[in-house]
$ cat start.cif   # mmCIF, C-alpha atoms and all ligand atoms
data_target
loop_
_atom_site.label_atom_id
_atom_site.label_comp_id
_atom_site.auth_asym_id
_atom_site.auth_seq_id
_atom_site.Cartn_x
_atom_site.Cartn_y
_atom_site.Cartn_z
CA MET C 1 -53.08 -5.24 43.57
CA HIS C 2 -52.40 -5.62 47.29
CA THR C 3 -55.98 -5.31 48.44
CA ASN C 4 -55.22 -6.42 51.98
CA SER C 5 -54.80 -2.81 52.91
CA ILE C 6 -55.79 0.60 51.64
CA ILE C 7 -54.25 4.04 51.56
CA GLU C 8 -56.54 6.98 52.05
CA LEU C 9 -55.49 10.46 51.00
CA SER C 10 -57.15 13.44 52.62
CA GLN C 11 -58.02 16.27 50.25
CA SER C 12 -58.81 18.67 53.10
CA ALA C 13 -55.45 18.00 54.79
CA LEU C 14 -53.65 18.77 51.54
CA GLU C 15 -55.70 21.94 51.06
CA LYS C 16 -54.67 23.18 54.50
CA ASN C 17 -50.99 22.38 53.89
CA ILE C 18 -50.97 24.19 50.58
CA ALA C 19 -52.81 27.17 52.06
CA PHE C 20 -50.15 27.35 54.80
CA LEU C 21 -47.31 27.13 52.27
CA ARG C 22 -48.82 29.80 50.03
CA LYS C 23 -49.32 32.11 52.98
CA THR C 24 -45.72 31.54 54.08
CA PHE C 25 -44.14 32.16 50.68
CA GLY C 26 -46.45 34.85 49.31
CA LYS C 27 -48.05 35.24 45.91
CA LYS C 28 -44.91 36.04 43.93
CA VAL C 29 -43.20 32.71 44.59
CA ILE C 30 -44.19 29.78 42.37
CA LEU C 31 -45.01 26.69 44.44
CA SER C 32 -43.69 23.61 42.64
CA SER C 33 -45.08 20.39 44.07
CA VAL C 34 -42.31 17.76 44.26
CA VAL C 35 -43.81 14.36 43.46
CA LYS C 36 -40.80 12.11 42.86
CA GLY C 37 -40.74 8.66 44.48
CA ASN C 38 -44.40 7.96 43.62
CA ALA C 39 -45.34 11.27 45.32
CA TYR C 40 -43.39 10.22 48.42
CA GLY C 41 -45.30 6.94 48.44
CA HIS C 42 -48.73 8.58 48.33
CA GLY C 43 -49.49 7.49 44.74
CA LEU C 44 -48.42 9.73 41.86
CA ALA C 45 -51.55 9.95 39.67
CA GLU C 46 -53.88 10.34 42.66
CA PHE C 47 -51.70 12.91 44.38
CA VAL C 48 -51.18 15.21 41.40
CA THR C 49 -54.93 15.19 40.74
CA MET C 50 -55.52 16.28 44.33
CA ALA C 51 -52.82 18.95 44.20
CA ASN C 52 -54.14 20.27 40.90
CA ASP C 53 -57.59 20.57 42.54
CA CYS C 54 -55.85 22.76 45.14
CA GLY C 55 -54.61 25.03 42.36
CA ILE C 56 -51.09 23.60 41.91
CA THR C 57 -49.96 23.87 38.29
CA HIS C 58 -46.22 23.22 38.63
CA PHE C 59 -44.83 19.73 39.36
CA SER C 60 -41.25 18.54 39.88
CA VAL C 61 -40.31 14.92 39.24
CA PHE C 62 -37.06 12.95 39.18
CA ASP C 63 -37.26 11.23 35.82
CA VAL C 64 -39.23 10.89 32.60
CA GLU C 65 -41.18 7.85 33.74
CA GLU C 66 -42.72 10.03 36.45
CA ALA C 67 -43.13 12.97 34.06
CA LYS C 68 -45.17 10.74 31.75
CA ILE C 69 -47.56 9.77 34.54
CA VAL C 70 -48.10 13.41 35.49
CA HIS C 71 -48.60 14.30 31.84
CA THR C 72 -51.08 11.46 31.23
CA THR C 73 -53.00 12.50 34.33
CA LEU C 74 -53.14 16.27 33.82
CA GLN C 75 -52.17 16.80 30.16
CA ASP C 76 -51.04 20.28 29.18
CA LYS C 77 -52.75 22.07 32.03
CA VAL C 78 -49.56 21.99 34.10
CA THR C 79 -45.82 22.62 33.94
CA ILE C 80 -43.65 19.57 34.52
CA MET C 81 -39.99 19.91 35.53
CA VAL C 82 -37.59 16.93 35.55
CA MET C 83 -34.95 17.54 38.22
CA GLY C 84 -32.94 14.40 37.58
CA LEU C 85 -32.44 12.11 34.67
CA VAL C 86 -33.49 12.58 31.04
CA SER C 87 -31.94 9.76 29.01
CA ASP C 88 -31.05 10.17 25.33
CA GLU C 89 -34.04 8.03 24.32
CA ASP C 90 -36.41 10.24 26.30
CA MET C 91 -35.18 13.61 25.00
CA GLU C 92 -37.53 13.67 22.03
CA TRP C 93 -40.63 13.13 24.17
CA VAL C 94 -39.52 15.76 26.67
CA VAL C 95 -38.93 18.46 24.05
CA THR C 96 -42.09 17.58 22.10
CA LYS C 97 -44.26 17.88 25.20
CA GLY C 98 -42.61 21.08 26.40
CA VAL C 99 -41.48 19.39 29.60
CA GLU C 100 -38.79 21.42 31.40
CA PHE C 101 -35.63 19.76 32.69
CA PHE C 102 -32.41 20.33 34.61
CA VAL C 103 -29.22 20.36 32.55
CA PHE C 104 -26.09 19.67 34.60
CA GLU C 105 -23.48 18.51 32.10
CA LYS C 106 -22.43 19.26 28.51
CA ASN C 107 -23.62 16.04 26.86
CA ARG C 108 -27.16 16.68 28.04
CA LEU C 109 -26.97 20.25 26.84
CA ASN C 110 -25.76 19.18 23.41
CA LYS C 111 -28.38 16.46 23.15
CA ALA C 112 -31.08 19.02 24.00
CA ILE C 113 -29.81 21.35 21.25
CA LYS C 114 -29.63 18.56 18.68
CA THR C 115 -33.13 17.33 19.48
CA ALA C 116 -34.58 20.84 19.40
CA LYS C 117 -33.07 21.38 15.94
CA ILE C 118 -34.57 18.18 14.57
CA LEU C 119 -37.99 18.84 16.09
CA ARG C 120 -37.92 22.57 15.36
CA LYS C 121 -39.07 23.13 18.90
CA LYS C 122 -37.14 24.82 21.70
CA ALA C 123 -35.95 22.76 24.65
CA LYS C 124 -36.86 24.33 28.00
CA ILE C 125 -33.86 24.03 30.24
CA HIS C 126 -32.89 24.82 33.81
CA VAL C 127 -29.14 25.16 34.17
CA GLU C 128 -28.05 23.54 37.42
CA ILE C 129 -25.09 25.05 39.24
CA GLU C 130 -22.71 23.07 41.44
CA THR C 131 -22.54 25.02 44.70
CA GLY C 132 -21.20 22.42 47.12
CA MET C 133 -23.44 19.36 47.15
CA ASN C 134 -21.02 17.70 44.74
CA ARG C 135 -23.57 15.59 42.96
CA THR C 136 -24.85 17.30 39.81
CA GLY C 137 -24.39 20.81 38.40
CA PHE C 138 -21.92 22.86 36.37
CA ASP C 139 -18.74 24.00 38.09
CA LYS C 140 -17.71 27.62 38.02
CA LYS C 141 -14.97 26.91 35.50
CA GLU C 142 -17.46 25.38 33.05
CA LEU C 143 -19.85 28.31 33.28
CA THR C 144 -18.15 30.53 30.68
CA SER C 145 -18.46 27.92 27.96
CA VAL C 146 -22.03 27.04 29.00
CA ILE C 147 -22.98 30.71 28.67
CA ALA C 148 -21.38 30.81 25.22
CA ILE C 149 -23.43 27.79 24.15
CA LEU C 150 -26.67 29.27 25.53
CA LYS C 151 -26.07 32.45 23.55
CA LYS C 152 -25.08 30.71 20.34
CA GLU C 153 -28.01 28.28 20.48
CA SER C 154 -30.72 30.67 21.66
CA GLU C 155 -32.89 29.52 18.72
CA GLN C 156 -32.94 26.01 20.17
CA LEU C 157 -33.13 26.73 23.88
CA THR C 158 -35.39 28.54 26.29
CA PHE C 159 -33.33 29.48 29.33
CA LYS C 160 -36.11 28.82 31.83
CA GLY C 161 -34.14 28.76 35.00
CA LEU C 162 -30.91 28.81 36.94
CA CYS C 163 -30.98 26.44 39.89
CA THR C 164 -29.10 24.57 42.60
CA HIS C 165 -29.84 22.20 45.49
CA TYR C 166 -28.64 22.37 49.11
CA ALA C 167 -26.80 19.62 50.95
CA GLY C 168 -28.87 19.21 54.10
CA ALA C 169 -30.67 22.46 55.01
CA GLU C 170 -32.77 20.53 57.57
CA SER C 171 -29.90 20.37 60.03
CA ILE C 172 -28.35 23.33 61.88
CA ALA C 173 -25.06 21.39 61.85
CA ASN C 174 -24.83 22.16 58.10
CA TYR C 175 -25.41 25.90 58.55
CA TYR C 176 -22.04 27.09 57.22
CA ARG C 177 -22.06 24.71 54.30
CA ILE C 178 -25.52 25.89 53.20
CA ASP C 179 -24.62 29.53 53.76
CA ARG C 180 -21.62 29.10 51.45
CA GLN C 181 -23.83 27.42 48.84
CA ILE C 182 -26.28 30.34 48.91
CA LYS C 183 -23.40 32.79 48.29
CA LYS C 184 -21.92 30.68 45.52
CA PHE C 185 -25.27 30.45 43.80
CA GLU C 186 -25.79 34.20 43.94
CA GLU C 187 -22.29 34.71 42.46
CA ALA C 188 -23.11 32.34 39.61
CA TYR C 189 -26.36 34.21 38.95
CA GLN C 190 -24.54 37.56 38.88
CA TYR C 191 -21.91 36.13 36.58
CA VAL C 192 -24.53 34.85 34.12
CA CYS C 193 -26.37 38.19 34.14
CA ALA C 194 -23.12 40.11 33.66
CA ASN C 195 -22.74 38.15 30.42
CA ASN C 196 -25.99 39.62 29.13
CA ILE C 197 -28.05 36.50 29.39
CA LYS C 198 -30.78 36.02 31.96
CA PRO C 199 -32.79 33.01 33.07
CA GLU C 200 -36.55 33.55 33.38
CA ILE C 201 -36.37 32.43 37.01
CA LYS C 202 -33.89 31.27 39.63
CA HIS C 203 -34.67 28.69 42.27
CA SER C 204 -32.93 26.67 44.94
CA ALA C 205 -35.15 25.88 47.92
CA CYS C 206 -36.54 22.55 49.09
CA SER C 207 -38.87 22.45 52.14
CA ALA C 208 -36.10 22.79 54.73
CA ALA C 209 -34.23 25.60 52.95
CA SER C 210 -37.45 27.53 52.35
CA MET C 211 -38.15 27.55 56.10
CA MET C 212 -34.64 27.85 57.55
CA PHE C 213 -33.17 30.25 54.96
CA PRO C 214 -36.02 32.43 53.58
CA GLN C 215 -33.62 34.15 51.15
CA THR C 216 -33.45 30.85 49.21
CA ARG C 217 -37.12 31.14 48.13
CA MET C 218 -36.28 33.36 45.14
CA ASP C 219 -38.81 32.87 42.27
CA LEU C 220 -39.86 29.28 42.88
CA VAL C 221 -39.75 26.79 45.76
CA ARG C 222 -39.60 23.02 45.21
CA ILE C 223 -41.68 21.64 48.05
CA GLY C 224 -41.90 17.92 48.73
CA ILE C 225 -42.24 16.63 52.28
CA MET C 226 -44.16 19.59 53.76
CA GLN C 227 -47.07 19.40 51.35
CA TYR C 228 -47.63 15.83 52.57
CA GLY C 229 -47.95 17.28 56.07
CA LEU C 230 -44.55 16.35 57.48
CA TRP C 231 -41.55 18.41 58.59
CA PRO C 232 -38.16 17.70 57.00
CA SER C 233 -36.70 17.28 60.50
CA PRO C 234 -37.64 18.08 64.13
CA GLU C 235 -35.19 21.01 63.98
CA VAL C 236 -37.10 22.69 61.18
CA PHE C 237 -40.35 22.29 63.13
CA VAL C 238 -38.87 23.68 66.36
CA ASN C 239 -37.32 26.55 64.44
CA TYR C 240 -40.74 27.36 63.00
CA LEU C 241 -42.47 27.16 66.40
CA ASN C 242 -39.91 29.52 67.90
CA THR C 243 -41.04 32.22 65.49
CA LYS C 244 -44.72 31.79 66.40
CA LYS C 245 -46.86 32.57 69.44
CA SER C 246 -49.26 29.70 68.93
CA LYS C 247 -47.56 26.34 69.28
CA ILE C 248 -49.81 24.53 66.84
CA ASP C 249 -48.52 22.41 63.99
CA PRO C 250 -49.90 24.00 60.80
CA LEU C 251 -49.27 20.82 58.79
CA ASN C 252 -51.70 17.93 58.44
CA ARG C 253 -50.85 14.37 57.52
CA VAL C 254 -52.43 13.54 54.15
CA ILE C 255 -51.90 9.77 54.27
CA THR C 256 -53.69 7.07 56.27
CA TRP C 257 -52.76 3.42 55.87
CA LYS C 258 -55.24 0.82 57.11
CA SER C 259 -55.87 -2.88 57.03
CA LYS C 260 -58.00 -5.51 58.80
CA ILE C 261 -57.34 -8.33 61.24
CA MET C 262 -57.12 -11.67 59.40
CA ASN C 263 -56.85 -14.03 62.35
CA ILE C 264 -56.85 -14.08 66.15
CA LYS C 265 -55.01 -16.62 68.28
CA THR C 266 -54.27 -17.45 71.90
CA VAL C 267 -50.67 -18.28 72.73
CA ASN C 268 -49.63 -19.99 75.97
CA ALA C 269 -46.84 -18.80 78.23
CA GLY C 270 -43.50 -20.26 77.15
CA GLU C 271 -44.29 -20.32 73.41
CA PHE C 272 -42.38 -18.41 70.74
CA ILE C 273 -44.36 -16.31 68.26
CA GLY C 274 -43.57 -16.33 64.53
CA TYR C 275 -40.28 -17.35 62.89
CA GLY C 276 -37.36 -18.17 65.13
CA ASN C 277 -37.20 -17.10 68.70
CA SER C 278 -37.21 -13.31 68.67
CA PHE C 279 -40.38 -13.19 70.80
CA LEU C 280 -41.18 -15.42 73.76
CA ALA C 281 -44.65 -15.18 75.35
CA GLU C 282 -44.00 -14.79 79.06
CA LYS C 283 -47.70 -15.09 79.87
CA LYS C 284 -50.82 -16.25 78.07
CA MET C 285 -51.35 -13.81 75.20
CA THR C 286 -53.89 -12.95 72.54
CA ILE C 287 -52.40 -12.18 69.13
CA ALA C 288 -53.94 -10.58 66.04
CA VAL C 289 -52.51 -11.44 62.64
CA ILE C 290 -52.43 -8.60 60.09
CA PRO C 291 -51.94 -9.24 56.36
CA ILE C 292 -49.17 -6.65 55.98
CA GLY C 293 -45.47 -7.33 55.76
CA TYR C 294 -42.25 -6.02 54.31
CA SER C 295 -43.40 -6.74 50.75
CA HIS C 296 -45.99 -3.98 51.27
CA GLY C 297 -43.38 -1.61 52.61
CA TYR C 298 -43.76 -2.26 56.35
CA SER C 299 -40.10 -2.51 57.27
CA ARG C 300 -38.71 -5.63 58.91
CA SER C 301 -36.81 -3.34 61.23
CA LEU C 302 -40.17 -2.73 62.94
CA SER C 303 -40.13 -6.34 64.21
CA ASN C 304 -40.89 -6.29 67.97
CA GLN C 305 -41.03 -2.47 67.67
CA GLY C 306 -43.83 -1.17 65.48
CA ARG C 307 -47.17 0.08 66.81
CA VAL C 308 -50.56 -0.22 65.15
CA LEU C 309 -53.99 0.94 66.28
CA ILE C 310 -56.86 -1.44 67.00
CA ASN C 311 -60.08 -0.34 68.75
CA GLY C 312 -58.45 2.96 69.67
CA HIS C 313 -55.49 1.27 71.41
CA ARG C 314 -51.82 1.13 70.51
CA CYS C 315 -50.73 -2.48 69.97
CA VAL C 316 -47.12 -3.62 69.68
CA VAL C 317 -45.79 -5.80 66.89
CA VAL C 318 -44.54 -9.06 68.43
CA GLY C 319 -42.10 -11.30 66.62
CA SER C 320 -40.66 -10.48 63.25
CA VAL C 321 -42.42 -8.72 60.41
CA ASN C 322 -42.79 -11.35 57.65
CA MET C 323 -43.08 -10.86 53.93
CA ASN C 324 -46.89 -10.68 53.98
CA MET C 325 -47.93 -10.82 57.61
CA MET C 326 -47.21 -9.60 61.08
CA THR C 327 -48.52 -10.33 64.54
CA VAL C 328 -49.53 -7.80 67.20
CA ASP C 329 -50.32 -8.13 70.88
CA ILE C 330 -54.02 -7.56 71.71
CA THR C 331 -54.00 -9.33 75.09
CA ASP C 332 -55.13 -6.30 77.08
CA ILE C 333 -57.76 -4.91 74.76
CA GLY C 334 -61.14 -6.51 74.97
CA ASN C 335 -63.69 -7.21 72.29
CA VAL C 336 -61.49 -7.51 69.19
CA LYS C 337 -62.87 -9.48 66.25
CA LYS C 338 -61.60 -10.71 62.92
CA GLU C 339 -62.06 -8.03 60.22
CA ASP C 340 -61.68 -5.19 62.73
CA GLU C 341 -59.88 -2.16 61.37
CA VAL C 342 -56.12 -1.81 61.91
CA ILE C 343 -54.38 1.54 61.43
CA LEU C 344 -50.73 1.37 60.40
CA ILE C 345 -50.34 5.11 59.84
CA GLY C 346 -53.02 7.52 60.96
CA LYS C 347 -55.61 8.09 63.65
CA GLN C 348 -58.25 5.98 65.38
CA ASP C 349 -60.50 7.60 67.99
CA GLU C 350 -58.09 9.98 69.70
CA VAL C 351 -54.93 7.90 69.30
CA SER C 352 -52.57 8.18 66.39
CA VAL C 353 -49.51 6.57 64.87
CA SER C 354 -47.51 9.33 63.28
CA ILE C 355 -44.95 8.73 60.59
CA ALA C 356 -42.37 10.35 62.86
CA SER C 357 -42.95 7.85 65.68
CA PHE C 358 -42.75 4.99 63.28
CA SER C 359 -39.52 6.21 61.73
CA ASP C 360 -37.96 6.86 65.15
CA LEU C 361 -38.60 3.22 66.04
CA SER C 362 -37.02 1.88 62.90
CA ASN C 363 -34.36 4.55 62.46
CA GLN C 364 -35.59 5.47 58.97
CA LEU C 365 -36.11 8.93 57.58
CA ASN C 366 -39.78 9.79 57.17
CA TYR C 367 -38.94 10.19 53.47
CA GLU C 368 -37.62 6.65 53.28
CA LEU C 369 -40.49 5.09 55.13
CA LEU C 370 -43.09 6.72 52.90
CA THR C 371 -41.45 5.85 49.61
CA ARG C 372 -41.23 2.20 50.60
CA ILE C 373 -45.01 1.84 50.75
CA SER C 374 -45.91 -0.46 47.88
CA LYS C 375 -47.26 1.11 44.69
CA THR C 376 -49.77 -1.69 44.31
CA ILE C 377 -51.81 -0.86 47.41
CA PRO C 378 -55.03 0.83 46.26
CA ARG C 379 -55.26 4.59 46.92
CA LYS C 380 -58.53 6.29 47.72
CA ILE C 381 -59.05 10.04 47.86
CA ILE C 382 -61.27 11.05 50.75
CA GLU C 383 -62.72 14.40 51.83
C1 LIG C 401 -36.55 16.06 46.54
C2 LIG C 401 -36.11 17.39 46.10
C3 LIG C 401 -36.73 18.55 46.59
C4 LIG C 401 -37.83 18.52 47.64
O1 LIG C 401 -37.32 18.19 48.91
P1 LIG C 401 -38.23 18.25 50.22
O2 LIG C 401 -37.26 18.18 51.33
O3 LIG C 401 -39.10 17.05 50.20
O4 LIG C 401 -39.01 19.51 50.17
C5 LIG C 401 -36.32 19.76 46.06
N1 LIG C 401 -35.34 19.83 45.13
C6 LIG C 401 -34.72 18.73 44.65
C7 LIG C 401 -33.65 18.87 43.62
C8 LIG C 401 -35.08 17.48 45.12
O5 LIG C 401 -34.46 16.39 44.65
#

$ encode --input "start.cif" --output "structure tokens"
Amino acid sequence: MHTNSIIELSQSALEKNIAFLRKTFGKKVILSSVVKGNAYGHGLAEFVTMANDCGITHFSVFDVEEAKIVHTTLQDKVTIMVMGLVSDEDMEWVVTKGVEFFVFEKNRLNKAIKTAKILRKKAKIHVEIETGMNRTGFDKKELTSVIAILKKESEQLTFKGLCTHYAGAESIANYYRIDRQIKKFEEAYQYVCANNIKPEIKHSACSAASMMFPQTRMDLVRIGIMQYGLWPSPEVFVNYLNTKKSKIDPLNRVITWKSKIMNIKTVNAGEFIGYGNSFLAEKKMTIAVIPIGYSHGYSRSLSNQGRVLINGHRCVVVGSVNMNMMTVDITDIGNVKKEDEVILIGKQDEVSVSIASFSDLSNQLNYELLTRISKTIPRKIIE
């Protein structure tokens, strides 16, 4: 455990985000909570418990390791959907537990059928269609034979869903590409239905697509970043604001990351701070040392850049971020003591460090920054 810092997760913030999403999508659309990447760094077991308390009963993960954590935490109360990898070794567990999964190539489909036969239990599959992302999914020319297999093996398979994923709906620059994907997906759906076989649901939208292209919501939306209180990109946020009279952000950050000062030091003018010579004190300075570094997920690219909050003030990181420590400038804020609270992400008095500001400084996506936060930092659910 990295007990030098703590991550607090706000239940009320999550409740508000989910209420906003439900209101936006309406009752008929299933809201699947995407919790891959350790629930975007929030902590998988803790986050799914919180989301389940908000009424979420559908979770999307990347792989079986994550599916197992969700299953251990919430048992059979919820639907789990694996959007990425199910290895051969994991197929038996997945089918036994009734976990749903994307199928995007023939080997996986055949393995699912074989396993279902042995277990005498149907495999619940979502057939993924290649529409232009060029990553995973069946091509149009494979579809005829896939349909034939689905029909022939209907004793072994439940055709839960038809699905696809968009290649960058958060950016207007990709408008034509996404628009073409939406059309291709609809064609594939029509083609499947014309062959007298119908998936229970069809789905395609992530956060950005659900907001920028409402027609992509279909029967289910796979929402990651927005439930954590963040927009997929500034463009999606601006696009949303343009449709509203009130210019208030409806999303609330769920995560707060805090630590404490471990040491305070005075440095004379002309001295370098930390390793090497990336920071030279040009005047007499007071420095606070914080027991957080890149091993905890605080990127080294925030050296001489990052901001943290101490006593309600923004303080700049000086020198390089080390493996387990970093130093910040507290020269101009009075009355700071060892053990005082330090906010890395979150709010203190009326000042805040948003994830967006942080990622702008280090040129990381908000997604990337969050998922880097170490799994071993304790998580605490707060009101
Ligand atoms: C990650 C992911 C999502 C969710 O994306 P957000 O932008 O976080 O909403 C949806 N679908 C798939 C296939 C994904 O991999």

$ closest_atom_pairs --input "start.cif" --of "chain C" --to "ligand LIG 401 (chain C)" --cutoff "10 Å" --atoms "only C-alpha atoms and all ligand atoms" --output "Markdown table"
| residue | atom | partner | partner_atom | distance |
| --- | --- | --- | --- | --- |
| C:Ser32 | CA | C:LIG401 | C5 | 9.0 |
| C:Ser33 | CA | C:LIG401 | C4 | 8.3 |
| C:Val34 | CA | C:LIG401 | C4 | 5.7 |
| C:Val35 | CA | C:LIG401 | C1 | 8.1 |
| C:Lys36 | CA | C:LIG401 | C1 | 6.9 |
| C:Gly37 | CA | C:LIG401 | C1 | 8.7 |
| C:Ala39 | CA | C:LIG401 | O3 | 9.8 |
| C:Tyr40 | CA | C:LIG401 | O3 | 8.3 |
| C:Ser60 | CA | C:LIG401 | C5 | 8.0 |
| C:Val61 | CA | C:LIG401 | O5 | 8.1 |
| C:Phe62 | CA | C:LIG401 | O5 | 7.0 |
| C:Val82 | CA | C:LIG401 | C7 | 9.2 |
| C:Met83 | CA | C:LIG401 | C7 | 5.7 |
| C:Gly84 | CA | C:LIG401 | O5 | 7.5 |
| C:Phe102 | CA | C:LIG401 | C7 | 9.2 |
| C:Glu128 | CA | C:LIG401 | C7 | 9.6 |
| C:Thr136 | CA | C:LIG401 | C7 | 9.7 |
| C:Cys163 | CA | C:LIG401 | C7 | 8.9 |
| C:Thr164 | CA | C:LIG401 | C7 | 7.4 |
| C:His165 | CA | C:LIG401 | C7 | 5.4 |
| C:Tyr166 | CA | C:LIG401 | N1 | 8.2 |
| C:Gly168 | CA | C:LIG401 | O2 | 8.9 |
| C:Ala169 | CA | C:LIG401 | O2 | 8.7 |
| C:Glu170 | CA | C:LIG401 | O2 | 8.0 |
| C:His203 | CA | C:LIG401 | N1 | 9.3 |
| C:Ser204 | CA | C:LIG401 | N1 | 7.3 |
| C:Ala205 | CA | C:LIG401 | C5 | 6.5 |
| C:Cys206 | CA | C:LIG401 | O4 | 4.1 |
| C:Ser207 | CA | C:LIG401 | O4 | 3.5 |
| C:Ala208 | CA | C:LIG401 | O2 | 5.8 |
| C:Ala209 | CA | C:LIG401 | O2 | 8.2 |
| C:Ser210 | CA | C:LIG401 | O4 | 8.5 |
| C:Val221 | CA | C:LIG401 | C5 | 7.8 |
| C:Arg222 | CA | C:LIG401 | C5 | 4.7 |
| C:Ile223 | CA | C:LIG401 | O4 | 4.0 |
| C:Gly224 | CA | C:LIG401 | O3 | 3.3 |
| C:Ile225 | CA | C:LIG401 | O3 | 3.8 |
| C:Met226 | CA | C:LIG401 | O4 | 6.3 |
| C:Gln227 | CA | C:LIG401 | O4 | 8.1 |
| C:Tyr228 | CA | C:LIG401 | O3 | 8.9 |
| C:Leu230 | CA | C:LIG401 | O3 | 9.1 |
| C:Trp231 | CA | C:LIG401 | O2 | 8.4 |
| C:Pro232 | CA | C:LIG401 | O2 | 5.8 |
| C:Ser233 | CA | C:LIG401 | O2 | 9.2 |
| C:Tyr367 | CA | C:LIG401 | O3 | 7.6 |

$ residues_around --input "start.cif" --residues "C:Phe159" --least-positions-apart "6" --cutoff "7 Å" --atoms "only C-alpha atoms" --output "number ranges by chain"
C: 124-126, 199-200

$ closest_atom_pairs --input "start.cif" --of "stretch 337-356 of chain C" --to "stretch 257-269 of chain C" --cutoff "7 Å" --atoms "all atoms listed in the file" --output "Markdown table"
| residue | atom | partner | partner_atom | distance |
| --- | --- | --- | --- | --- |
| C:Lys338 | CA | C:Ile261 | CA | 5.2 |
| C:Glu339 | CA | C:Ile261 | CA | 4.8 |
| C:Asp340 | CA | C:Lys260 | CA | 5.4 |
| C:Glu341 | CA | C:Lys260 | CA | 4.6 |
| C:Val342 | CA | C:Ser259 | CA | 5.0 |
| C:Ile343 | CA | C:Lys258 | CA | 4.5 |
| C:Leu344 | CA | C:Trp257 | CA | 5.4 |
| C:Ile345 | CA | C:Trp257 | CA | 4.9 |
| C:Gly346 | CA | C:Trp257 | CA | 6.5 |

$ residues_around --input "start.cif" --residues "stretch 283-286 of chain C" --least-positions-apart "4" --cutoff "12 Å" --atoms "only C-alpha atoms" --output "PyMOL selection string"
chain C and resi 263-273+279+315-316+318+327-337

$ closest_atom_pairs --input "start.cif" --of "stretch 181-285 of chain C" --to "stretch 172-175 of chain C" --cutoff "10 Å" --atoms "all atoms listed in the file" --output "CSV"
residue,atom,partner,partner_atom,distance
C:Gln181,CA,C:Tyr175,CA,10.0
C:Met212,CA,C:Ile172,CA,8.9
C:Phe213,CA,C:Tyr175,CA,9.6
C:Glu235,CA,C:Ile172,CA,7.5
C:Val236,CA,C:Ile172,CA,8.8
C:Asn239,CA,C:Ile172,CA,9.9

$ atom_distance --input "start.cif" --atom1 "atom CA of C:Glu142" --atom2 "atom CA of C:Asp219"
24.4 Å

$ closest_residue --input "start.cif" --among "C:Pro378, C:Gly132, C:Gly26, C:Gly319" --to "C:Arg177" --atoms "all atoms listed in the file"
C:Gly132

$ closest_residue --input "start.cif" --among "C:Tyr176, C:Tyr294, C:Glu66, C:Arg217" --to "C:Asn38" --atoms "all atoms listed in the file"
C:Glu66

$ residues_near_point --input "start.cif" --point "(-34.4, 8.1, 26.6)" --cutoff "12 Å" --atoms "only C-alpha atoms" --output "list in words"
Asp63, Val64, Glu65, Leu85, Val86, Ser87, Asp88, Glu89, Asp90, Met91, Glu92, Trp93, Val94, Val95, Arg108, Lys111, Ala112 and Thr115 of chain C

$ atom_distance --input "start.cif" --atom1 "atom CA of C:Lys202" --atom2 "atom CA of C:Ile56"
19.0 Å
